[in-house]
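Novice: Structure file query.cif, mmCIF, C-alpha atoms, is pasted below:
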data_final
loop_
_atom_site.group_PDB
_atom_site.id
_atom_site.type_symbol
_atom_site.label_atom_id
_atom_site.label_comp_id
_atom_site.auth_asym_id
_atom_site.auth_seq_id
_atom_site.Cartn_x
_atom_site.Cartn_y
_atom_site.Cartn_z
ATOM 1 C CA MET A 428 167.904 197.699 366.255
ATOM 2 C CA ALA A 429 167.626 196.661 362.587
ATOM 3 C CA ASP A 430 167.529 199.353 359.922
ATOM 4 C CA LEU A 431 164.053 200.170 358.655
ATOM 5 C CA THR A 432 162.886 199.086 355.203
ATOM 6 C CA TYR A 433 161.706 201.686 352.707
ATOM 7 C CA ARG A 434 158.163 200.576 353.566
ATOM 8 C CA GLU A 435 158.566 201.045 357.304
ATOM 9 C CA ASN A 436 160.366 204.342 356.853
ATOM 10 C CA SER A 437 157.728 205.780 354.484
ATOM 11 C CA LEU A 438 154.962 204.738 356.868
ATOM 12 C CA LEU A 439 156.511 206.856 359.611
ATOM 13 C CA ALA A 440 156.291 209.941 357.393
ATOM 14 C CA LEU A 441 152.704 209.157 356.401
ATOM 15 C CA ARG A 442 151.801 208.703 360.057
ATOM 16 C CA HIS A 443 153.212 212.177 360.779
ATOM 17 C CA GLN A 444 156.243 210.906 362.616
ATOM 18 C CA GLU A 445 159.963 211.377 362.025
ATOM 19 C CA PRO A 446 161.441 208.716 359.747
ATOM 20 C CA GLU A 447 164.858 207.127 360.105
ATOM 21 C CA PHE A 448 166.037 208.472 356.754
ATOM 22 C CA LEU A 449 164.680 210.902 354.153
ATOM 23 C CA PRO A 450 161.809 209.246 352.230
ATOM 24 C CA MET A 451 161.459 209.698 348.470
ATOM 25 C CA ILE A 452 158.402 209.002 346.325
ATOM 26 C CA GLN A 453 160.568 206.434 344.499
ATOM 27 C CA ASP A 454 160.465 204.360 347.690
ATOM 28 C CA ILE A 455 156.748 203.769 347.041
ATOM 29 C CA GLN A 456 155.753 201.512 344.151
ATOM 30 C CA THR A 457 153.036 203.267 342.143
ATOM 31 C CA CYS A 458 150.642 202.208 339.405
ATOM 32 C CA THR A 459 148.119 204.268 337.418
ATOM 33 C CA PRO A 460 145.653 201.747 335.935
ATOM 34 C CA ARG A 461 144.775 202.998 332.458
ATOM 35 C CA GLY A 462 143.946 201.832 328.969
ATOM 36 C CA MET A 463 141.211 202.043 326.347
ATOM 37 C CA ASP A 464 140.050 198.563 327.313
ATOM 38 C CA PHE A 465 140.470 199.003 331.050
ATOM 39 C CA VAL A 466 140.187 202.020 333.388
ATOM 40 C CA CYS A 467 139.201 204.398 330.617
ATOM 41 C CA GLU A 468 138.630 207.702 332.438
ATOM 42 C CA SER A 469 140.671 209.458 329.750
ATOM 43 C CA SER A 470 142.290 208.479 326.497
ATOM 44 C CA CYS A 471 145.985 207.587 326.576
ATOM 45 C CA VAL A 472 146.319 206.350 323.002
ATOM 46 C CA PRO A 473 147.645 208.338 320.012
ATOM 47 C CA GLY A 474 144.977 210.172 318.073
ATOM 48 C CA THR A 475 141.458 210.973 319.238
ATOM 49 C CA ALA A 476 139.166 208.658 321.209
ATOM 50 C CA ASN A 477 136.311 208.759 323.696
ATOM 51 C CA ASP A 478 136.618 207.878 327.358
ATOM 52 C CA TRP A 479 134.024 205.660 329.015
ATOM 53 C CA PHE A 480 131.841 208.673 329.898
ATOM 54 C CA GLY A 481 131.654 209.693 326.230
ATOM 55 C CA GLN A 482 134.075 212.653 326.309
ATOM 56 C CA SER A 483 136.451 212.993 323.354
ATOM 57 C CA TRP A 484 140.204 213.243 324.072
ATOM 58 C CA THR A 485 143.073 214.075 321.721
ATOM 59 C CA TYR A 486 146.586 212.862 322.421
ATOM 60 C CA GLU A 487 149.259 215.556 322.329
ATOM 61 C CA PRO A 488 152.713 214.079 321.583
ATOM 62 C CA ASN A 489 154.576 217.191 322.765
ATOM 63 C CA ILE A 490 153.359 216.629 326.327
ATOM 64 C CA GLY A 491 152.952 212.846 326.175
ATOM 65 C CA ALA A 492 149.341 213.013 327.348
ATOM 66 C CA ALA A 493 145.804 213.708 326.173
ATOM 67 C CA ASN A 494 143.511 216.668 326.770
ATOM 68 C CA PRO A 495 139.796 217.003 326.061
ATOM 69 C CA THR A 496 139.485 217.559 322.324
ATOM 70 C CA PRO A 497 139.462 221.341 321.731
ATOM 71 C CA GLY A 498 135.946 222.614 321.103
ATOM 72 C CA VAL A 499 134.398 219.218 321.869
ATOM 73 C CA HIS A 500 132.786 218.956 325.281
ATOM 74 C CA LEU A 501 130.267 216.342 326.288
ATOM 75 C CA VAL A 502 128.005 218.425 328.549
ATOM 76 C CA PRO A 503 126.712 221.730 327.110
ATOM 77 C CA ASP A 504 124.702 222.639 330.215
ATOM 78 C CA ILE A 505 125.278 221.301 333.742
ATOM 79 C CA THR A 506 121.525 221.067 334.335
ATOM 80 C CA LEU A 507 121.394 218.499 331.515
ATOM 81 C CA TRP A 508 124.373 216.376 332.552
ATOM 82 C CA LYS A 509 122.245 213.246 333.076
ATOM 83 C CA GLU A 510 121.286 213.339 329.388
ATOM 84 C CA TYR A 511 124.896 213.205 328.234
ATOM 85 C CA MET A 512 126.936 211.314 330.824
ATOM 86 C CA THR A 513 127.224 207.521 330.733
ATOM 87 C CA PHE A 514 128.755 205.413 333.488
ATOM 88 C CA PRO A 515 130.547 202.120 332.819
ATOM 89 C CA ASP A 516 129.662 198.694 334.141
ATOM 90 C CA LEU A 517 132.844 198.115 336.140
ATOM 91 C CA SER A 518 132.050 194.431 336.650
ATOM 92 C CA LYS A 519 132.880 193.792 332.978
ATOM 93 C CA LEU A 520 136.523 194.815 333.287
ATOM 94 C CA ASP A 521 139.320 192.248 333.544
ATOM 95 C CA TRP A 522 140.280 193.243 337.078
ATOM 96 C CA GLU A 523 142.112 190.044 337.903
ATOM 97 C CA GLY A 524 144.142 190.064 334.704
ATOM 98 C CA TYR A 525 145.169 193.708 334.810
ATOM 99 C CA SER A 526 145.906 193.808 338.526
ATOM 100 C CA SER A 527 148.092 190.707 338.337
ATOM 101 C CA ARG A 528 150.127 192.235 335.505
ATOM 102 C CA ASP A 529 150.303 195.722 337.043
ATOM 103 C CA THR A 530 151.459 194.463 340.430
ATOM 104 C CA ALA A 531 153.781 191.671 339.258
ATOM 105 C CA SER A 532 156.907 193.653 340.185
ATOM 106 C CA TRP A 533 155.603 194.982 343.515
ATOM 107 C CA ASP A 534 157.688 194.082 346.540
ATOM 108 C CA ARG A 535 155.086 194.487 349.253
ATOM 109 C CA GLU A 536 157.474 193.482 352.010
ATOM 110 C CA LYS A 537 160.021 196.239 351.360
ATOM 111 C CA HIS A 538 157.904 198.966 349.745
ATOM 112 C CA LEU A 539 154.531 200.619 350.206
ATOM 113 C CA THR A 540 152.243 200.274 347.190
ATOM 114 C CA ARG A 541 150.143 203.065 345.715
ATOM 115 C CA ILE A 542 147.396 203.493 343.147
ATOM 116 C CA ASN A 543 147.335 206.852 341.377
ATOM 117 C CA ASP A 544 143.880 207.793 340.075
ATOM 118 C CA LEU A 545 143.249 210.794 337.834
ATOM 119 C CA PHE A 546 140.231 213.092 337.571
ATOM 120 C CA GLY A 547 138.327 213.624 340.817
ATOM 121 C CA PRO A 548 134.836 215.191 340.786
ATOM 122 C CA TRP A 549 135.923 218.760 339.944
ATOM 123 C CA GLU A 550 138.441 217.686 337.301
ATOM 124 C CA ARG A 551 135.768 215.499 335.730
ATOM 125 C CA MET A 552 133.453 218.511 335.466
ATOM 126 C CA PHE A 553 135.982 220.683 333.670
ATOM 127 C CA SER A 554 136.877 217.856 331.297
ATOM 128 C CA VAL A 555 133.294 217.354 330.105
ATOM 129 C CA MET A 556 132.468 221.091 330.041
ATOM 130 C CA GLU A 557 134.206 224.203 328.751
ATOM 131 C CA PHE A 558 136.288 225.395 331.695
ATOM 132 C CA GLN A 559 134.717 228.842 331.898
ATOM 133 C CA GLU A 560 131.256 227.278 331.695
ATOM 134 C CA ALA A 561 132.135 224.965 334.584
ATOM 135 C CA LEU A 562 133.244 227.950 336.680
ATOM 136 C CA CYS A 563 130.018 229.808 335.920
ATOM 137 C CA ALA A 564 127.961 226.718 336.744
ATOM 138 C CA LEU A 565 129.375 226.625 340.278
ATOM 139 C CA VAL A 566 127.745 230.006 340.910
ATOM 140 C CA GLU A 567 124.668 229.829 338.703
ATOM 141 C CA GLU A 568 123.584 226.196 339.127
ATOM 142 C CA PRO A 569 124.897 224.968 342.493
ATOM 143 C CA GLU A 570 122.226 222.272 342.904
ATOM 144 C CA ALA A 571 123.012 220.688 339.539
ATOM 145 C CA CYS A 572 126.741 220.868 340.325
ATOM 146 C CA TYR A 573 126.191 219.213 343.703
ATOM 147 C CA ASP A 574 124.269 216.382 342.035
ATOM 148 C CA PHE A 575 126.961 216.001 339.356
ATOM 149 C CA PHE A 576 129.750 215.815 341.948
ATOM 150 C CA GLY A 577 127.692 213.298 343.897
ATOM 151 C CA ALA A 578 127.286 211.044 340.870
ATOM 152 C CA ILE A 579 131.029 211.187 340.140
ATOM 153 C CA ALA A 580 131.766 210.390 343.791
ATOM 154 C CA ASP A 581 129.407 207.404 343.590
ATOM 155 C CA HIS A 582 131.319 206.207 340.527
ATOM 156 C CA LYS A 583 134.666 206.699 342.276
ATOM 157 C CA ILE A 584 133.477 204.704 345.258
ATOM 158 C CA ARG A 585 132.425 201.836 342.973
ATOM 159 C CA LEU A 586 135.753 202.078 341.127
ATOM 160 C CA TYR A 587 137.789 202.098 344.344
ATOM 161 C CA GLU A 588 135.952 199.057 345.675
ATOM 162 C CA TYR A 589 137.333 197.106 342.721
ATOM 163 C CA ILE A 590 140.781 198.689 342.872
ATOM 164 C CA ILE A 591 141.175 197.958 346.570
ATOM 165 C CA ARG A 592 139.876 194.405 346.201
ATOM 166 C CA TYR A 593 142.153 193.439 343.326
ATOM 167 C CA TYR A 594 145.225 195.682 343.679
ATOM 168 C CA GLN A 595 145.276 195.748 347.505
ATOM 169 C CA PRO A 596 147.288 198.997 347.662
ATOM 170 C CA ASP A 597 148.561 200.638 350.829
ATOM 171 C CA ILE A 598 147.786 204.105 349.432
ATOM 172 C CA LEU A 599 145.184 205.482 347.044
ATOM 173 C CA CYS A 600 145.906 208.921 345.578
ATOM 174 C CA MET A 601 143.106 210.824 343.827
ATOM 175 C CA HIS A 602 143.757 213.903 341.687
ATOM 176 C CA ASP A 603 141.441 216.906 341.978
ATOM 177 C CA ASP A 604 142.995 220.307 341.291
ATOM 178 C CA TYR A 605 141.191 223.052 343.217
ATOM 179 C CA GLY A 606 143.608 225.824 342.322
ATOM 180 C CA HIS A 607 146.059 227.342 339.868
ATOM 181 C CA GLY A 608 149.408 228.954 340.606
ATOM 182 C CA LYS A 609 147.967 232.075 342.235
ATOM 183 C CA GLY A 610 144.630 231.127 343.761
ATOM 184 C CA MET A 611 141.736 228.697 343.988
ATOM 185 C CA PHE A 612 139.351 228.132 341.100
ATOM 186 C CA MET A 613 136.457 228.617 343.514
ATOM 187 C CA SER A 614 135.929 230.145 346.925
ATOM 188 C CA PRO A 615 136.518 227.918 349.961
ATOM 189 C CA GLU A 616 132.810 228.354 350.738
ATOM 190 C CA THR A 617 131.818 226.985 347.327
ATOM 191 C CA TRP A 618 134.182 224.042 347.759
ATOM 192 C CA ARG A 619 132.731 223.317 351.214
ATOM 193 C CA ALA A 620 129.143 223.425 349.953
ATOM 194 C CA LEU A 621 129.475 221.520 346.672
ATOM 195 C CA ILE A 622 132.530 219.267 346.768
ATOM 196 C CA LYS A 623 133.583 218.611 350.367
ATOM 197 C CA PRO A 624 130.633 216.353 351.316
ATOM 198 C CA HIS A 625 131.311 214.068 348.353
ATOM 199 C CA LEU A 626 135.073 214.082 348.896
ATOM 200 C CA GLN A 627 134.399 213.040 352.485
ATOM 201 C CA ARG A 628 132.381 210.045 351.263
ATOM 202 C CA ILE A 629 135.272 209.001 349.014
ATOM 203 C CA ILE A 630 137.840 209.341 351.798
ATOM 204 C CA ASP A 631 135.597 207.470 354.251
ATOM 205 C CA MET A 632 135.241 204.583 351.816
ATOM 206 C CA VAL A 633 139.002 204.367 351.142
ATOM 207 C CA THR A 634 140.066 204.594 354.783
ATOM 208 C CA SER A 635 137.353 202.154 355.914
ATOM 209 C CA HIS A 636 139.341 199.484 354.046
ATOM 210 C CA GLY A 637 142.521 200.373 355.916
ATOM 211 C CA VAL A 638 143.966 202.160 352.866
ATOM 212 C CA ILE A 639 145.788 205.485 353.235
ATOM 213 C CA TYR A 640 144.156 208.345 351.316
ATOM 214 C CA GLU A 641 146.431 210.856 349.534
ATOM 215 C CA HIS A 642 145.145 213.908 347.658
ATOM 216 C CA HIS A 643 146.885 215.444 344.636
ATOM 217 C CA CYS A 644 146.404 219.129 343.860
ATOM 218 C CA CYS A 645 148.739 220.930 341.464
ATOM 219 C CA GLY A 646 147.912 224.499 342.477
ATOM 220 C CA TYR A 647 146.921 226.682 345.406
ATOM 221 C CA PHE A 648 144.586 225.241 348.024
ATOM 222 C CA ALA A 649 146.151 226.298 351.304
ATOM 223 C CA PRO A 650 142.869 227.730 352.711
ATOM 224 C CA ILE A 651 141.246 224.278 352.721
ATOM 225 C CA LEU A 652 144.207 221.951 353.213
ATOM 226 C CA GLY A 653 143.779 221.786 356.981
ATOM 227 C CA GLU A 654 140.146 220.787 356.481
ATOM 228 C CA ILE A 655 141.150 218.046 354.064
ATOM 229 C CA ALA A 656 143.585 216.760 356.683
ATOM 230 C CA ASP A 657 140.759 216.670 359.209
ATOM 231 C CA MET A 658 138.785 214.544 356.731
ATOM 232 C CA ARG A 659 141.370 211.754 357.305
ATOM 233 C CA CYS A 660 143.505 212.554 354.296
ATOM 234 C CA ALA A 661 147.011 211.508 355.348
ATOM 235 C CA ALA A 662 149.099 213.141 352.607
ATOM 236 C CA THR A 663 149.060 215.660 349.785
ATOM 237 C CA ASN A 664 151.172 216.335 346.698
ATOM 238 C CA LEU A 665 152.672 218.335 344.937
ATOM 239 C CA VAL A 666 152.358 221.265 347.364
ATOM 240 C CA HIS A 667 152.879 224.121 344.876
ATOM 241 C CA ARG A 668 155.121 226.942 346.101
ATOM 242 C CA SER A 669 152.170 229.350 346.082
ATOM 243 C CA ASN A 670 150.882 227.447 349.126
ATOM 244 C CA GLN A 671 153.973 228.503 351.134
ATOM 245 C CA PRO A 672 154.830 224.894 351.997
ATOM 246 C CA ALA A 673 157.168 225.743 354.889
ATOM 247 C CA VAL A 674 154.387 227.737 356.566
ATOM 248 C CA LEU A 675 151.880 224.933 355.973
ATOM 249 C CA LYS A 676 154.349 222.413 357.400
ATOM 250 C CA LYS A 677 154.520 224.370 360.647
ATOM 251 C CA GLU A 678 150.745 224.762 360.795
ATOM 252 C CA ILE A 679 149.503 221.272 359.878
ATOM 253 C CA GLY A 680 152.593 219.071 359.494
ATOM 254 C CA HIS A 681 151.484 217.162 362.580
ATOM 255 C CA LYS A 682 148.457 215.834 360.657
ATOM 256 C CA MET A 683 149.355 216.035 356.935
ATOM 257 C CA CYS A 684 152.352 214.512 355.176
ATOM 258 C CA MET A 685 153.641 216.953 352.540
ATOM 259 C CA ILE A 686 154.923 215.381 349.329
ATOM 260 C CA GLY A 687 156.975 217.544 346.963
ATOM 261 C CA ALA A 688 157.100 221.302 347.720
ATOM 262 C CA PHE A 689 160.006 221.991 345.338
ATOM 263 C CA ASP A 690 160.071 225.155 343.228
ATOM 264 C CA THR A 691 159.851 223.231 339.974
ATOM 265 C CA GLN A 692 159.403 226.302 337.765
ATOM 266 C CA TYR A 693 162.680 227.698 339.043
ATOM 267 C CA LEU A 694 164.409 224.323 338.835
ATOM 268 C CA ASP A 695 163.247 223.909 335.223
ATOM 269 C CA ALA A 696 164.178 227.437 334.107
ATOM 270 C CA ALA A 697 166.930 227.589 331.480
ATOM 271 C CA SER A 698 168.650 230.356 333.449
ATOM 272 C CA THR A 699 168.983 228.203 336.605
ATOM 273 C CA SER A 700 172.501 226.844 336.950
ATOM 274 C CA GLU A 701 173.368 223.472 338.474
ATOM 275 C CA GLU A 702 174.711 225.207 341.572
ATOM 276 C CA GLU A 703 171.494 227.192 341.940
ATOM 277 C CA LEU A 704 169.396 224.066 341.366
ATOM 278 C CA ARG A 705 171.224 222.170 344.088
ATOM 279 C CA ALA A 706 170.955 225.111 346.497
ATOM 280 C CA SER A 707 167.184 225.321 345.908
ATOM 281 C CA VAL A 708 166.740 221.579 346.473
ATOM 282 C CA ARG A 709 168.737 221.745 349.726
ATOM 283 C CA LYS A 710 166.700 224.739 350.908
ATOM 284 C CA THR A 711 163.407 222.917 350.347
ATOM 285 C CA ILE A 712 164.603 219.820 352.169
ATOM 286 C CA LEU A 713 165.912 221.801 355.137
ATOM 287 C CA GLU A 714 162.572 223.630 355.341
ATOM 288 C CA MET A 715 160.324 220.586 354.934
ATOM 289 C CA ALA A 716 162.114 217.548 356.376
ATOM 290 C CA PRO A 717 162.564 218.485 360.076
ATOM 291 C CA GLY A 718 160.077 216.668 362.291
ATOM 292 C CA GLY A 719 159.007 214.203 359.593
ATOM 293 C CA SER A 720 155.666 214.230 357.720
ATOM 294 C CA TYR A 721 157.574 214.809 354.479
ATOM 295 C CA ILE A 722 158.391 212.800 351.335
ATOM 296 C CA THR A 723 160.384 214.188 348.404
ATOM 297 C CA LEU A 724 158.867 214.293 344.907
ATOM 298 C CA CYS A 725 160.233 216.346 342.013
ATOM 299 C CA ASN A 726 159.622 215.729 338.309
ATOM 300 C CA LEU A 727 161.269 218.201 335.930
ATOM 301 C CA LYS A 728 160.914 218.507 332.165
ATOM 302 C CA THR A 729 164.460 219.632 331.326
ATOM 303 C CA PRO A 730 166.608 216.629 330.265
ATOM 304 C CA GLY A 731 169.208 215.647 332.836
ATOM 305 C CA ARG A 732 167.896 217.745 335.689
ATOM 306 C CA ASN A 733 165.938 215.024 337.454
ATOM 307 C CA ALA A 734 169.203 213.151 337.953
ATOM 308 C CA LEU A 735 170.750 216.255 339.510
ATOM 309 C CA VAL A 736 167.775 216.684 341.849
ATOM 310 C CA THR A 737 167.911 213.043 342.918
ATOM 311 C CA ASP A 738 171.644 213.286 343.531
ATOM 312 C CA GLU A 739 171.220 216.393 345.682
ATOM 313 C CA ILE A 740 168.355 214.822 347.642
ATOM 314 C CA ARG A 741 170.545 211.825 348.436
ATOM 315 C CA LYS A 742 173.433 214.067 349.490
ATOM 316 C CA SER A 743 171.152 216.225 351.626
ATOM 317 C CA SER A 744 169.753 213.137 353.321
ATOM 318 C CA PHE A 745 172.926 213.004 355.438
ATOM 319 C CA HIS A 746 171.735 216.060 357.353
ATOM 320 C CA CYS A 747 168.046 215.246 357.894
ATOM 321 C CA TYR A 748 167.484 212.313 360.200
ATOM 322 C CA SER A 749 169.352 209.701 362.211
ATOM 323 C CA ARG A 750 170.993 208.132 359.151
ATOM 324 C CA PRO A 751 171.430 208.848 355.423
ATOM 325 C CA ARG A 752 169.339 207.136 352.803
ATOM 326 C CA PRO A 753 170.466 203.543 352.065
ATOM 327 C CA ASP A 754 171.126 204.596 348.457
ATOM 328 C CA ALA A 755 172.960 207.827 349.343
ATOM 329 C CA GLN A 756 176.312 206.361 348.299
ATOM 330 C CA GLU A 757 175.108 205.053 344.927
#
For the file at hand, write its structure as structure tokens.
Specialist:
Amino acid sequence: MADLTYRENSLLALRHQEPEFLPMIQDIQTCTPRGMDFVCESSCVPGTANDWFGQSWTYEPNIGAANPTPGVHLVPDITLWKEYMTFPDLSKLDWEGYSSRDTASWDREKHLTRINDLFGPWERMFSVMEFQEALCALVEEPEACYDFFGAIADHKIRLYEYIIRYYQPDILCMHDDYGHGKGMFMSPETWRALIKPHLQRIIDMVTSHGVIYEHHCCGYFAPILGEIADMRCAATNLVHRSNQPAVLKKEIGHKMCMIGAFDTQYLDAASTSEEELRASVRKTILEMAPGGSYITLCNLKTPGRNALVTDEIRKSSFHCYSRPRPDAQE
């Protein structure tokens, strides 16, 4: 039997089966379409600029990204969002030109391909409103919030129609952070009432085209993760440690591929030695890899540590499945 390609091997994990070797997110070719003259859902240029909704963003060099301009928020009151929000005419974008450039290096035969899209419905709300005001609105103005989330979902569906047509990805990953490091931003009941129906419409649209849906959430959302899996979401990242990833893997690993699950705060801490870093990486892999439904992903900020993590992942791959990673000897 011929050895599996990275594509075939990653698909096994995403289909909740045991792969031949340990998959890494680097095995999947990923693109985040962005630019002030293209998919302009946030600014990614130095200085201050508006996105295509009208929200001002300010680039922060120390983090290499932009945040909503402090003190400048587009929507002062969620009940008035229609007066302030504008939606772009997506037909005017150079889809053919950008997609051909963005995918020029994709090897679709050997690798899965993935589009990474930022700012789902909830993240869009707390980018155009003060965060505390957005939280209050969920309780005080649920009908207006529901309508807002619905309009953003409609926009996402239009956007994904173009992305899928021109980029033809295997996977589409949408970001929508429902929690922080210690809990959810809202109750599961609020999420179910206001966001879940619209998220389901997005997932249904993506999967109806034969594209795998992946959901990114930085923080804690363990109470609703099983429900998201039941909505035909195949994978989730980054699986923050507050979610108790090993417990989640045992509970829903048969229907959700976990991506990440490393204790990145510990791995990035100045007091963590190389030996401790490697031991933590091995522990995570030994907890998460058995049975499949797992792909490694770990991005650290401390210079040099990502190389150590990658090296330890490759070494640990000898103990996971039927064979080590093809690059384990590199």
Novice: Translate the PyMOL selection byres ((chain A and resi 552-558) around 7) into a concrete residue list for this structure, as a list in words.
Specialist: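 So the PyMOL selection byres ((chain A and resi 552-558) around 7), applied here, picks out Gln482, Pro495, His500, Leu501, Val502, Pro503, Pro548, Trp549, Glu550, Arg551, Gln559, Glu560, Ala561 and Leu562 of chain A.
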Novice: Under the PyMOL selection byres ((chain A and resi 691) around 8), which residues of this model are included? Write them out as a list in words.
Specialist: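 On the file shown, the PyMOL selection byres ((chain A and resi 691) around 8) covers Phe689, Asp690, Gln692, Tyr693, Leu694, Asp695, Cys725, Asn726 and Leu727 of chain A.
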Novice: Set the distance at 10 Å and use all atoms listed in the file: which residues neighbour Val566 (chain A) once local chain neighbours fewer than 6 positions away are removed? I'd like the list as a list of chain:residue names.
Specialist: A:Cys572, A:Met613, A:Thr617
Novice: To one decimal place in Å, what is the distance between CA of Leu431 (chain A) and CA of Lys537 (chain A)?
Specialist: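 Between CA of Leu431 (chain A) and CA of Lys537 (chain A) the gap is 9.2 Å.
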Novice: For Met463 (chain A), work out the shell of residues within 8 Å, counting only C-alpha atoms and skipping chain neighbours fewer than 5 positions away, then give it as a ChimeraX atom specification.
Specialist: /A:470-472,478
Novice: How many Å lie between CA of Tyr511 (chain A) and CA of Arg585 (chain A), rounded to one decimal?
Specialist: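 Taking CA of Tyr511 (chain A) as the start and CA of Arg585 (chain A) as the end point, the length is 20.1 Å.
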Novice: If we count only C-alpha atoms, what is near region 740-748 of chain A at a cut-off of 9 Å, once residues fewer than 2 positions away on the same chain are taken out, given as a JSON list (two decimals) with C-alpha atoms, keeping the file's coordinate frame?
Specialist:
[["chain", "number", "residue", "atom", "x", "y", "z"],
["A", 445, "GLU", "CA", 159.96, 211.38, 362.02],
["A", 446, "PRO", "CA", 161.44, 208.72, 359.75],
["A", 447, "GLU", "CA", 164.86, 207.13, 360.10],
["A", 448, "PHE", "CA", 166.04, 208.47, 356.75],
["A", 449, "LEU", "CA", 164.68, 210.90, 354.15],
["A", 450, "PRO", "CA", 161.81, 209.25, 352.23],
["A", 451, "MET", "CA", 161.46, 209.70, 348.47],
["A", 705, "ARG", "CA", 171.22, 222.17, 344.09],
["A", 708, "VAL", "CA", 166.74, 221.58, 346.47],
["A", 709, "ARG", "CA", 168.74, 221.74, 349.73],
["A", 712, "ILE", "CA", 164.60, 219.82, 352.17],
["A", 713, "LEU", "CA", 165.91, 221.80, 355.14],
["A", 716, "ALA", "CA", 162.11, 217.55, 356.38],
["A", 717, "PRO", "CA", 162.56, 218.48, 360.08],
["A", 718, "GLY", "CA", 160.08, 216.67, 362.29],
["A", 719, "GLY", "CA", 159.01, 214.20, 359.59],
["A", 723, "THR", "CA", 160.38, 214.19, 348.40],
["A", 735, "LEU", "CA", 170.75, 216.26, 339.51],
["A", 736, "VAL", "CA", 167.78, 216.68, 341.85],
["A", 737, "THR", "CA", 167.91, 213.04, 342.92],
["A", 738, "ASP", "CA", 171.64, 213.29, 343.53],
["A", 750, "ARG", "CA", 170.99, 208.13, 359.15],
["A", 751, "PRO", "CA", 171.43, 208.85, 355.42],
["A", 752, "ARG", "CA", 169.34, 207.14, 352.80],
["A", 754, "ASP", "CA", 171.13, 204.60, 348.46],
["A", 755, "ALA", "CA", 172.96, 207.83, 349.34],
["A", 756, "GLN", "CA", 176.31, 206.36, 348.30],
["A", 757, "GLU", "CA", 175.11, 205.05, 344.93]]
Novice: Rank A:Leu565, A:Val666, A:Asp657, A:Gly474 by their smallest atom-to-atom distance to Glu616 (chain A), using only C-alpha atoms, and report the top residue only.
Specialist: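 Once distances to Glu616 (chain A) are computed over only C-alpha atoms, the minimum belongs to A:Leu565.
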Novice: Under the PyMOL selection byres ((chain A and resi 624-631) around 7), which residues of this model are included? Write them out as a list in words.
Specialist: Phe576, Gly577, Ala580, Ile584, Ile622, Lys623, Met632, Val633, Thr634, Ser635, Tyr640, Met658, Arg659 and Cys660 of chain A
Novice: To one decimal place, how far is CA of Thr432 (chain A) from CA of Glu739 (chain A) in Å?
Specialist: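 Going from CA of Thr432 (chain A) over to CA of Glu739 (chain A), I get 21.4 Å.
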Novice: Which residues come within 10 Å of Asp464 (chain A), counting only C-alpha atoms, excluding same-chain residues fewer than 5 positions away, as a PDB file with C-alpha atoms, in the coordinates of the input?
Specialist:
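Below you can see out.pdb, which holds the result:
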ATOM      1  CA  ASP A 478     136.618 207.878 327.358  1.00  0.00           C
ATOM      2  CA  TRP A 479     134.024 205.660 329.015  1.00  0.00           C
ATOM      3  CA  LEU A 520     136.523 194.815 333.287  1.00  0.00           C
ATOM      4  CA  ASP A 521     139.320 192.248 333.544  1.00  0.00           C
TER       5      ASP A 521
END
Novice: Find, counting all atoms listed in the file, the residue in A:Pro569, A:Arg442, A:His642, A:Ile505 that gets nearest to Trp618 (chain A).
Specialist: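 Selected residue with least distance to Trp618 (chain A): A:Pro569.
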Novice: Have a look at A:Tyr433, A:Ala656, A:Lys583, A:Thr457 and name the one nearest to Glu536 (chain A); count all atoms listed in the file.
Specialist: A:Tyr433
Novice: Of the candidates A:Phe612, A:Tyr721, A:Tyr587, A:Phe575, which one gets nearest to His636 (chain A) if we count only C-alpha atoms?
Specialist: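 Checking each of A:Phe612, A:Tyr721, A:Tyr587, A:Phe575 against His636 (chain A), counting only C-alpha atoms, the winner is A:Tyr587.
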Novice: Missing atoms in region 573-580 of chain A need filling: write out N, CA and C atoms for it as a short mmCIF file (atom, residue, chain, number, x, y, z; two decimals), in the frame of the given file.
Specialist:
data_model
loop_
_atom_site.label_atom_id
_atom_site.label_comp_id
_atom_site.auth_asym_id
_atom_site.auth_seq_id
_atom_site.Cartn_x
_atom_site.Cartn_y
_atom_site.Cartn_z
N TYR A 573 126.14 220.11 342.55
CA TYR A 573 126.19 219.21 343.70
C TYR A 573 125.79 217.79 343.30
N ASP A 574 124.73 217.70 342.49
CA ASP A 574 124.27 216.38 342.04
C ASP A 574 125.31 215.73 341.13
N PHE A 575 125.92 216.52 340.26
CA PHE A 575 126.96 216.00 339.36
C PHE A 575 128.13 215.46 340.17
N PHE A 576 128.63 216.26 341.12
CA PHE A 576 129.75 215.82 341.95
C PHE A 576 129.38 214.55 342.73
N GLY A 577 128.13 214.48 343.17
CA GLY A 577 127.69 213.30 343.90
C GLY A 577 127.72 212.05 343.04
N ALA A 578 127.30 212.19 341.78
CA ALA A 578 127.29 211.04 340.87
C ALA A 578 128.71 210.59 340.56
N ILE A 579 129.63 211.55 340.38
CA ILE A 579 131.03 211.19 340.14
C ILE A 579 131.62 210.52 341.38
N ALA A 580 131.28 211.02 342.56
CA ALA A 580 131.77 210.39 343.79
C ALA A 580 131.24 208.97 343.92
#
